[in-house]
>>> print(open('run.pdb').read())   # PDB, C-alpha atoms
ATOM      1  CA  MET O   1      17.269  -7.982  -6.282  1.00  0.00           C
ATOM      2  CA  LYS O   2      13.534  -7.550  -5.788  1.00  0.00           C
ATOM      3  CA  ASP O   3      11.124  -8.230  -8.644  1.00  0.00           C
ATOM      4  CA  LYS O   4       9.771  -4.773  -9.537  1.00  0.00           C
ATOM      5  CA  LYS O   5       6.388  -6.256 -10.441  1.00  0.00           C
ATOM      6  CA  HIS O   6       5.846  -7.481  -6.861  1.00  0.00           C
ATOM      7  CA  LEU O   7       6.395  -4.776  -4.286  1.00  0.00           C
ATOM      8  CA  SER O   8       5.409  -5.657  -0.751  1.00  0.00           C
ATOM      9  CA  VAL O   9       4.169  -3.725   2.246  1.00  0.00           C
ATOM     10  CA  SER O  10       6.263  -4.243   5.334  1.00  0.00           C
ATOM     11  CA  ALA O  11       5.159  -6.985   7.670  1.00  0.00           C
ATOM     12  CA  ILE O  12       3.929  -6.237  11.181  1.00  0.00           C
ATOM     13  CA  GLU O  13       5.437  -8.008  14.168  1.00  0.00           C
ATOM     14  CA  ASN O  14       2.204  -8.211  16.167  1.00  0.00           C
ATOM     15  CA  GLY O  15      -1.321  -7.089  15.376  1.00  0.00           C
ATOM     16  CA  THR O  16      -4.178  -7.681  12.996  1.00  0.00           C
ATOM     17  CA  VAL O  17      -4.560  -7.634   9.238  1.00  0.00           C
ATOM     18  CA  ILE O  18      -8.055  -7.014   7.877  1.00  0.00           C
ATOM     19  CA  ASP O  19      -8.159  -8.424   4.352  1.00  0.00           C
ATOM     20  CA  HIS O  20     -10.822  -8.667   1.648  1.00  0.00           C
ATOM     21  CA  ILE O  21     -12.441  -5.321   2.413  1.00  0.00           C
ATOM     22  CA  PRO O  22     -14.430  -4.038  -0.581  1.00  0.00           C
ATOM     23  CA  ALA O  23     -12.249  -1.232  -1.939  1.00  0.00           C
ATOM     24  CA  GLN O  24     -15.065   1.331  -1.740  1.00  0.00           C
ATOM     25  CA  ASN O  25     -15.537   0.546   1.991  1.00  0.00           C
ATOM     26  CA  LEU O  26     -11.941   1.018   3.171  1.00  0.00           C
ATOM     27  CA  PHE O  27     -12.498   4.418   4.756  1.00  0.00           C
ATOM     28  CA  LYS O  28     -15.784   3.246   6.312  1.00  0.00           C
ATOM     29  CA  VAL O  29     -13.820   0.475   8.075  1.00  0.00           C
ATOM     30  CA  ILE O  30     -11.198   2.973   9.252  1.00  0.00           C
ATOM     31  CA  SER O  31     -13.901   5.327  10.517  1.00  0.00           C
ATOM     32  CA  ILE O  32     -16.214   2.770  12.162  1.00  0.00           C
ATOM     33  CA  LEU O  33     -13.260   1.298  14.098  1.00  0.00           C
ATOM     34  CA  GLY O  34     -11.875   4.714  15.059  1.00  0.00           C
ATOM     35  CA  LEU O  35      -8.502   3.822  13.545  1.00  0.00           C
ATOM     36  CA  ASP O  36      -7.956   7.471  12.674  1.00  0.00           C
ATOM     37  CA  ARG O  37      -7.768   8.222  16.419  1.00  0.00           C
ATOM     38  CA  ILE O  38      -5.331   5.575  17.676  1.00  0.00           C
ATOM     39  CA  PRO O  39      -1.536   5.912  17.910  1.00  0.00           C
ATOM     40  CA  ASN O  40      -0.764   2.459  16.448  1.00  0.00           C
ATOM     41  CA  GLN O  41       1.087   2.088  13.179  1.00  0.00           C
ATOM     42  CA  ILE O  42      -1.505   1.511  10.449  1.00  0.00           C
ATOM     43  CA  THR O  43      -0.820   0.564   6.860  1.00  0.00           C
ATOM     44  CA  PHE O  44      -3.564   0.323   4.276  1.00  0.00           C
ATOM     45  CA  GLY O  45      -3.868  -0.320   0.596  1.00  0.00           C
ATOM     46  CA  THR O  46      -6.837   0.024  -1.686  1.00  0.00           C
ATOM     47  CA  ASN O  47      -7.842  -0.966  -5.193  1.00  0.00           C
ATOM     48  CA  LEU O  48      -5.647  -4.045  -4.976  1.00  0.00           C
ATOM     49  CA  GLU O  49      -6.454  -6.906  -7.336  1.00  0.00           C
ATOM     50  CA  SER O  50      -8.699  -9.620  -5.930  1.00  0.00           C
ATOM     51  CA  GLN O  51     -10.084 -12.630  -7.746  1.00  0.00           C
ATOM     52  CA  ARG O  52     -13.075 -12.724  -5.425  1.00  0.00           C
ATOM     53  CA  LEU O  53     -13.919  -9.015  -5.169  1.00  0.00           C
ATOM     54  CA  GLY O  54     -12.366  -7.566  -8.310  1.00  0.00           C
ATOM     55  CA  ARG O  55     -10.818  -4.770  -6.236  1.00  0.00           C
ATOM     56  CA  LYS O  56     -10.131  -5.009  -2.526  1.00  0.00           C
ATOM     57  CA  ALA O  57      -8.569  -3.095   0.327  1.00  0.00           C
ATOM     58  CA  ILE O  58      -6.405  -4.261   3.211  1.00  0.00           C
ATOM     59  CA  VAL O  59      -5.555  -2.719   6.603  1.00  0.00           C
ATOM     60  CA  LYS O  60      -2.645  -3.716   8.870  1.00  0.00           C
ATOM     61  CA  ILE O  61      -2.800  -2.495  12.464  1.00  0.00           C
ATOM     62  CA  ALA O  62       0.258  -3.022  14.651  1.00  0.00           C
ATOM     63  CA  ASP O  63      -0.260  -4.152  18.247  1.00  0.00           C
ATOM     64  CA  LYS O  64      -4.070  -4.219  18.006  1.00  0.00           C
ATOM     65  CA  TYR O  65      -6.397  -7.186  18.454  1.00  0.00           C
ATOM     66  CA  PHE O  66     -10.122  -6.730  18.065  1.00  0.00           C
ATOM     67  CA  GLU O  67     -12.888  -7.564  20.518  1.00  0.00           C
ATOM     68  CA  ARG O  68     -16.159  -9.178  19.342  1.00  0.00           C
ATOM     69  CA  GLU O  69     -18.009  -5.830  19.242  1.00  0.00           C
ATOM     70  CA  GLU O  70     -15.305  -4.356  16.998  1.00  0.00           C
ATOM     71  CA  ILE O  71     -15.440  -7.400  14.719  1.00  0.00           C
ATOM     72  CA  ASN O  72     -19.204  -6.879  14.459  1.00  0.00           C
ATOM     73  CA  ARG O  73     -18.482  -3.319  13.311  1.00  0.00           C
ATOM     74  CA  ILE O  74     -16.173  -4.640  10.586  1.00  0.00           C
ATOM     75  CA  ALA O  75     -18.836  -7.138   9.490  1.00  0.00           C
ATOM     76  CA  ILE O  76     -21.386  -4.385   8.919  1.00  0.00           C
ATOM     77  CA  VAL O  77     -19.249  -2.595   6.312  1.00  0.00           C
ATOM     78  CA  ALA O  78     -17.161  -5.547   5.071  1.00  0.00           C
ATOM     79  CA  PRO O  79     -19.224  -8.718   5.601  1.00  0.00           C
ATOM     80  CA  HIS O  80     -16.750 -10.950   3.747  1.00  0.00           C
ATOM     81  CA  ALA O  81     -13.569  -9.633   5.340  1.00  0.00           C
ATOM     82  CA  LYS O  82     -10.941 -11.913   6.837  1.00  0.00           C
ATOM     83  CA  LEU O  83      -8.892 -11.196   9.943  1.00  0.00           C
ATOM     84  CA  ASN O  84      -5.350 -12.483  10.261  1.00  0.00           C
ATOM     85  CA  ILE O  85      -3.899 -12.384  13.774  1.00  0.00           C
ATOM     86  CA  ILE O  86      -0.136 -11.820  13.692  1.00  0.00           C
ATOM     87  CA  ARG O  87       2.337 -12.687  16.462  1.00  0.00           C
ATOM     88  CA  ASP O  88       6.109 -12.551  15.942  1.00  0.00           C
ATOM     89  CA  TYR O  89       5.592 -11.894  12.210  1.00  0.00           C
ATOM     90  CA  GLU O  90       3.588 -15.123  11.789  1.00  0.00           C
ATOM     91  CA  VAL O  91      -0.119 -15.606  11.121  1.00  0.00           C
ATOM     92  CA  VAL O  92      -1.311 -17.524  14.180  1.00  0.00           C
ATOM     93  CA  GLU O  93      -5.042 -17.357  13.509  1.00  0.00           C
ATOM     94  CA  LYS O  94      -7.328 -16.620  10.577  1.00  0.00           C
ATOM     95  CA  MET O  95     -10.997 -15.858  10.937  1.00  0.00           C
ATOM     96  CA  LEU O  96     -13.836 -14.729   8.758  1.00  0.00           C
ATOM     97  CA  VAL O  97     -15.918 -11.905  10.120  1.00  0.00           C
ATOM     98  CA  GLU O  98     -19.539 -12.892  10.504  1.00  0.00           C
ATOM     99  CA  VAL O  99     -22.499 -10.571  10.462  1.00  0.00           C
ATOM    100  CA  PRO O 100     -24.330 -11.173  13.769  1.00  0.00           C
ATOM    101  CA  ASP O 101     -28.088 -11.799  13.968  1.00  0.00           C
ATOM    102  CA  HIS O 102     -28.624  -8.655  16.067  1.00  0.00           C
ATOM    103  CA  ILE O 103     -26.740  -5.353  16.232  1.00  0.00           C
ATOM    104  CA  THR O 104     -26.943  -2.868  19.090  1.00  0.00           C
ATOM    105  CA  GLY O 105     -25.535   0.650  19.268  1.00  0.00           C
ATOM    106  CA  ILE O 106     -23.386   0.632  16.119  1.00  0.00           C
ATOM    107  CA  VAL O 107     -25.754   2.053  13.503  1.00  0.00           C
ATOM    108  CA  ARG O 108     -28.313   4.851  13.672  1.00  0.00           C
ATOM    109  CA  CYS O 109     -31.893   4.240  12.579  1.00  0.00           C
ATOM    110  CA  VAL O 110     -32.634   6.097   9.342  1.00  0.00           C
ATOM    111  CA  ASN O 111     -36.163   6.914  10.474  1.00  0.00           C
ATOM    112  CA  PRO O 112     -36.001  10.451  11.913  1.00  0.00           C
ATOM    113  CA  LYS O 113     -39.132   9.724  13.996  1.00  0.00           C
ATOM    114  CA  CYS O 114     -37.631   6.607  15.613  1.00  0.00           C
ATOM    115  CA  ILE O 115     -37.350   6.831  19.404  1.00  0.00           C
ATOM    116  CA  THR O 116     -33.612   6.125  19.167  1.00  0.00           C
ATOM    117  CA  ASN O 117     -33.061   9.443  17.390  1.00  0.00           C
ATOM    118  CA  PHE O 118     -34.576  11.697  20.075  1.00  0.00           C
ATOM    119  CA  GLU O 119     -34.450   9.691  23.313  1.00  0.00           C
ATOM    120  CA  ASN O 120     -31.477   8.190  25.132  1.00  0.00           C
ATOM    121  CA  VAL O 121     -32.214   4.704  23.742  1.00  0.00           C
ATOM    122  CA  ALA O 122     -29.559   2.545  22.098  1.00  0.00           C
ATOM    123  CA  PRO O 123     -30.517   1.555  18.552  1.00  0.00           C
ATOM    124  CA  LYS O 124     -31.176  -2.178  18.160  1.00  0.00           C
ATOM    125  CA  PHE O 125     -31.516  -4.008  14.877  1.00  0.00           C
ATOM    126  CA  GLU O 126     -32.305  -7.454  13.569  1.00  0.00           C
ATOM    127  CA  VAL O 127     -30.162  -8.407  10.586  1.00  0.00           C
ATOM    128  CA  VAL O 128     -32.551  -9.322   7.776  1.00  0.00           C
ATOM    129  CA  ASP O 129     -29.916  -9.825   5.051  1.00  0.00           C
ATOM    130  CA  LYS O 130     -26.386 -10.898   5.977  1.00  0.00           C
ATOM    131  CA  LYS O 131     -24.982 -10.949   2.443  1.00  0.00           C
ATOM    132  CA  ASN O 132     -25.868  -7.340   1.549  1.00  0.00           C
ATOM    133  CA  VAL O 133     -26.311  -6.243   5.187  1.00  0.00           C
ATOM    134  CA  SER O 134     -29.812  -4.923   5.723  1.00  0.00           C
ATOM    135  CA  LEU O 135     -31.061  -4.122   9.209  1.00  0.00           C
ATOM    136  CA  LYS O 136     -34.586  -3.850  10.646  1.00  0.00           C
ATOM    137  CA  CYS O 137     -35.023  -1.488  13.588  1.00  0.00           C
ATOM    138  CA  HIS O 138     -36.298  -3.177  16.726  1.00  0.00           C
ATOM    139  CA  TYR O 139     -38.398  -0.120  17.639  1.00  0.00           C
ATOM    140  CA  CYS O 140     -39.883   1.290  14.416  1.00  0.00           C
ATOM    141  CA  GLU O 141     -39.257  -1.669  12.065  1.00  0.00           C
ATOM    142  CA  LYS O 142     -37.715   0.583   9.391  1.00  0.00           C
ATOM    143  CA  ILE O 143     -35.254  -1.322   7.184  1.00  0.00           C
ATOM    144  CA  THR O 144     -31.860   0.214   6.495  1.00  0.00           C
ATOM    145  CA  ASP O 145     -29.587  -1.066   3.754  1.00  0.00           C
ATOM    146  CA  GLN O 146     -25.812  -0.778   3.732  1.00  0.00           C
ATOM    147  CA  GLU O 147     -25.845   2.174   1.355  1.00  0.00           C
ATOM    148  CA  HIS O 148     -27.896   4.331   3.769  1.00  0.00           C
ATOM    149  CA  MET O 149     -26.335   3.357   7.093  1.00  0.00           C
ATOM    150  CA  GLU O 150     -25.030   6.009   9.425  1.00  0.00           C
ATOM    151  CA  TYR O 151     -22.569   4.818  12.034  1.00  0.00           C
ATOM    152  CA  ARG O 152     -22.389   5.934  15.660  1.00  0.00           C
TER     153      ARG O 152
END
>>> encode(input="run.pdb", output="structure tokens")
Amino acid sequence: MKDKKHLSVSAIENGTVIDHIPAQNLFKVISILGLDRIPNQITFGTNLESQRLGRKAIVKIADKYFEREEINRIAIVAPHAKLNIIRDYEVVEKMLVEVPDHITGIVRCVNPKCITNFENVAPKFEVVDKKNVSLKCHYCEKITDQEHMEYR
């Protein structure tokens, strides 16, 4: 008989688990990765207890493995997330996401006068703070913090 205090979410046979997402950023992760538009089985939980974060979220995506550019997207909204790669129900690889030094094409510049907002120019940013994720626009030098980011 199962302990009623410890209910579990079903395991996935193959795919990726994104763990240690700040609870308030769960739907940002889902949106920025386009998970709401893919046919894969997706399980998520939010406001789960975490010693490190207080409250965390988790996403399990069956039969999906992320490319570097997608991992960079995760890092922008969940810079301390961990990815667990699952094959045949076993964790075969664990990795921390890492905020890159430069980001291109993922975030919009918050400056309405920036060239990237009215010309066909991909936004480019230098990461000026990896812990709290702040970005400096390559073109207009406007700094955007995580709270004000708009994703493309």
>>> resolve_selection(input="run.pdb", expression="the PyMOL selection byres ((chain O and resi 41) around 10)", output="ChimeraX atom specification")
/O:12,15,35,38-40,42-43,60-64
>>> closest_residue(input="run.pdb", among="O:Ile76, O:Ile58, O:Leu48, O:Cys140", to="Ile103 (chain O)", atoms="all atoms listed in the file")
O:Ile76
>>> residues_around(input="run.pdb", residues="Thr104 (chain O)", least_positions_apart="6", cutoff="10 Å", atoms="only C-alpha atoms", output="list of chain:residue names")
O:Glu69, O:Asn72, O:Ala122, O:Pro123, O:Lys124, O:Phe125, O:Glu126, O:Cys137, O:His138
>>> atom_distance(input="run.pdb", atom1="CA of Ser10 (chain O)", atom2="CA of Phe44 (chain O)")
10.9 Å
>>> atom_distance(input="run.pdb", atom1="CA of Asp88 (chain O)", atom2="CA of Val59 (chain O)")
17.9 Å
>>> atom_distance(input="run.pdb", atom1="CA of Gln24 (chain O)", atom2="CA of Glu93 (chain O)")
26.1 Å
>>> residues_around(input="run.pdb", residues="Asp101 (chain O)", least_positions_apart="5", cutoff="10 Å", atoms="all atoms listed in the file", output="list in words")
Phe125, Glu126, Val127, Val128, Asp129, Lys130 and Leu135 of chain O
>>> build_atoms(input="run.pdb", residues="region 20-37 of chain O", atoms="N, CA and C atoms", output="short mmCIF file (atom, residue, chain, number, x, y, z; two decimals), in the frame of the given file")
data_model
loop_
_atom_site.label_atom_id
_atom_site.label_comp_id
_atom_site.auth_asym_id
_atom_site.auth_seq_id
_atom_site.Cartn_x
_atom_site.Cartn_y
_atom_site.Cartn_z
N HIS O 20 -9.60 -8.47 2.44
CA HIS O 20 -10.82 -8.67 1.65
C HIS O 20 -11.91 -7.66 2.01
N ILE O 21 -11.50 -6.42 2.22
CA ILE O 21 -12.44 -5.32 2.41
C ILE O 21 -12.82 -4.83 1.02
N PRO O 22 -14.10 -4.65 0.71
CA PRO O 22 -14.43 -4.04 -0.58
C PRO O 22 -13.73 -2.68 -0.67
N ALA O 23 -13.07 -2.44 -1.79
CA ALA O 23 -12.25 -1.23 -1.94
C ALA O 23 -13.02 0.04 -1.59
N GLN O 24 -14.28 0.12 -1.99
CA GLN O 24 -15.06 1.33 -1.74
C GLN O 24 -15.42 1.50 -0.26
N ASN O 25 -15.19 0.47 0.57
CA ASN O 25 -15.54 0.55 1.99
C ASN O 25 -14.33 0.73 2.91
N LEU O 26 -13.15 0.89 2.35
CA LEU O 26 -11.94 1.02 3.17
C LEU O 26 -12.08 2.12 4.22
N PHE O 27 -12.47 3.30 3.81
CA PHE O 27 -12.50 4.42 4.76
C PHE O 27 -13.66 4.29 5.74
N LYS O 28 -14.71 3.55 5.36
CA LYS O 28 -15.78 3.25 6.31
C LYS O 28 -15.24 2.35 7.42
N VAL O 29 -14.41 1.36 7.06
CA VAL O 29 -13.82 0.48 8.07
C VAL O 29 -12.92 1.28 9.01
N ILE O 30 -12.09 2.14 8.45
CA ILE O 30 -11.20 2.97 9.25
C ILE O 30 -12.01 3.85 10.20
N SER O 31 -13.07 4.44 9.71
CA SER O 31 -13.90 5.33 10.52
C SER O 31 -14.68 4.57 11.59
N ILE O 32 -15.35 3.49 11.22
CA ILE O 32 -16.21 2.77 12.16
C ILE O 32 -15.41 2.14 13.30
N LEU O 33 -14.12 1.84 13.05
CA LEU O 33 -13.26 1.30 14.10
C LEU O 33 -12.50 2.38 14.86
N GLY O 34 -12.60 3.62 14.41
CA GLY O 34 -11.88 4.71 15.06
C GLY O 34 -10.37 4.62 14.86
N LEU O 35 -9.94 4.00 13.78
CA LEU O 35 -8.50 3.82 13.54
C LEU O 35 -7.78 5.14 13.28
N ASP O 36 -8.55 6.15 12.90
CA ASP O 36 -7.96 7.47 12.67
C ASP O 36 -7.63 8.19 13.98
N ARG O 37 -8.00 7.59 15.12
CA ARG O 37 -7.77 8.22 16.42
C ARG O 37 -6.87 7.41 17.34
#
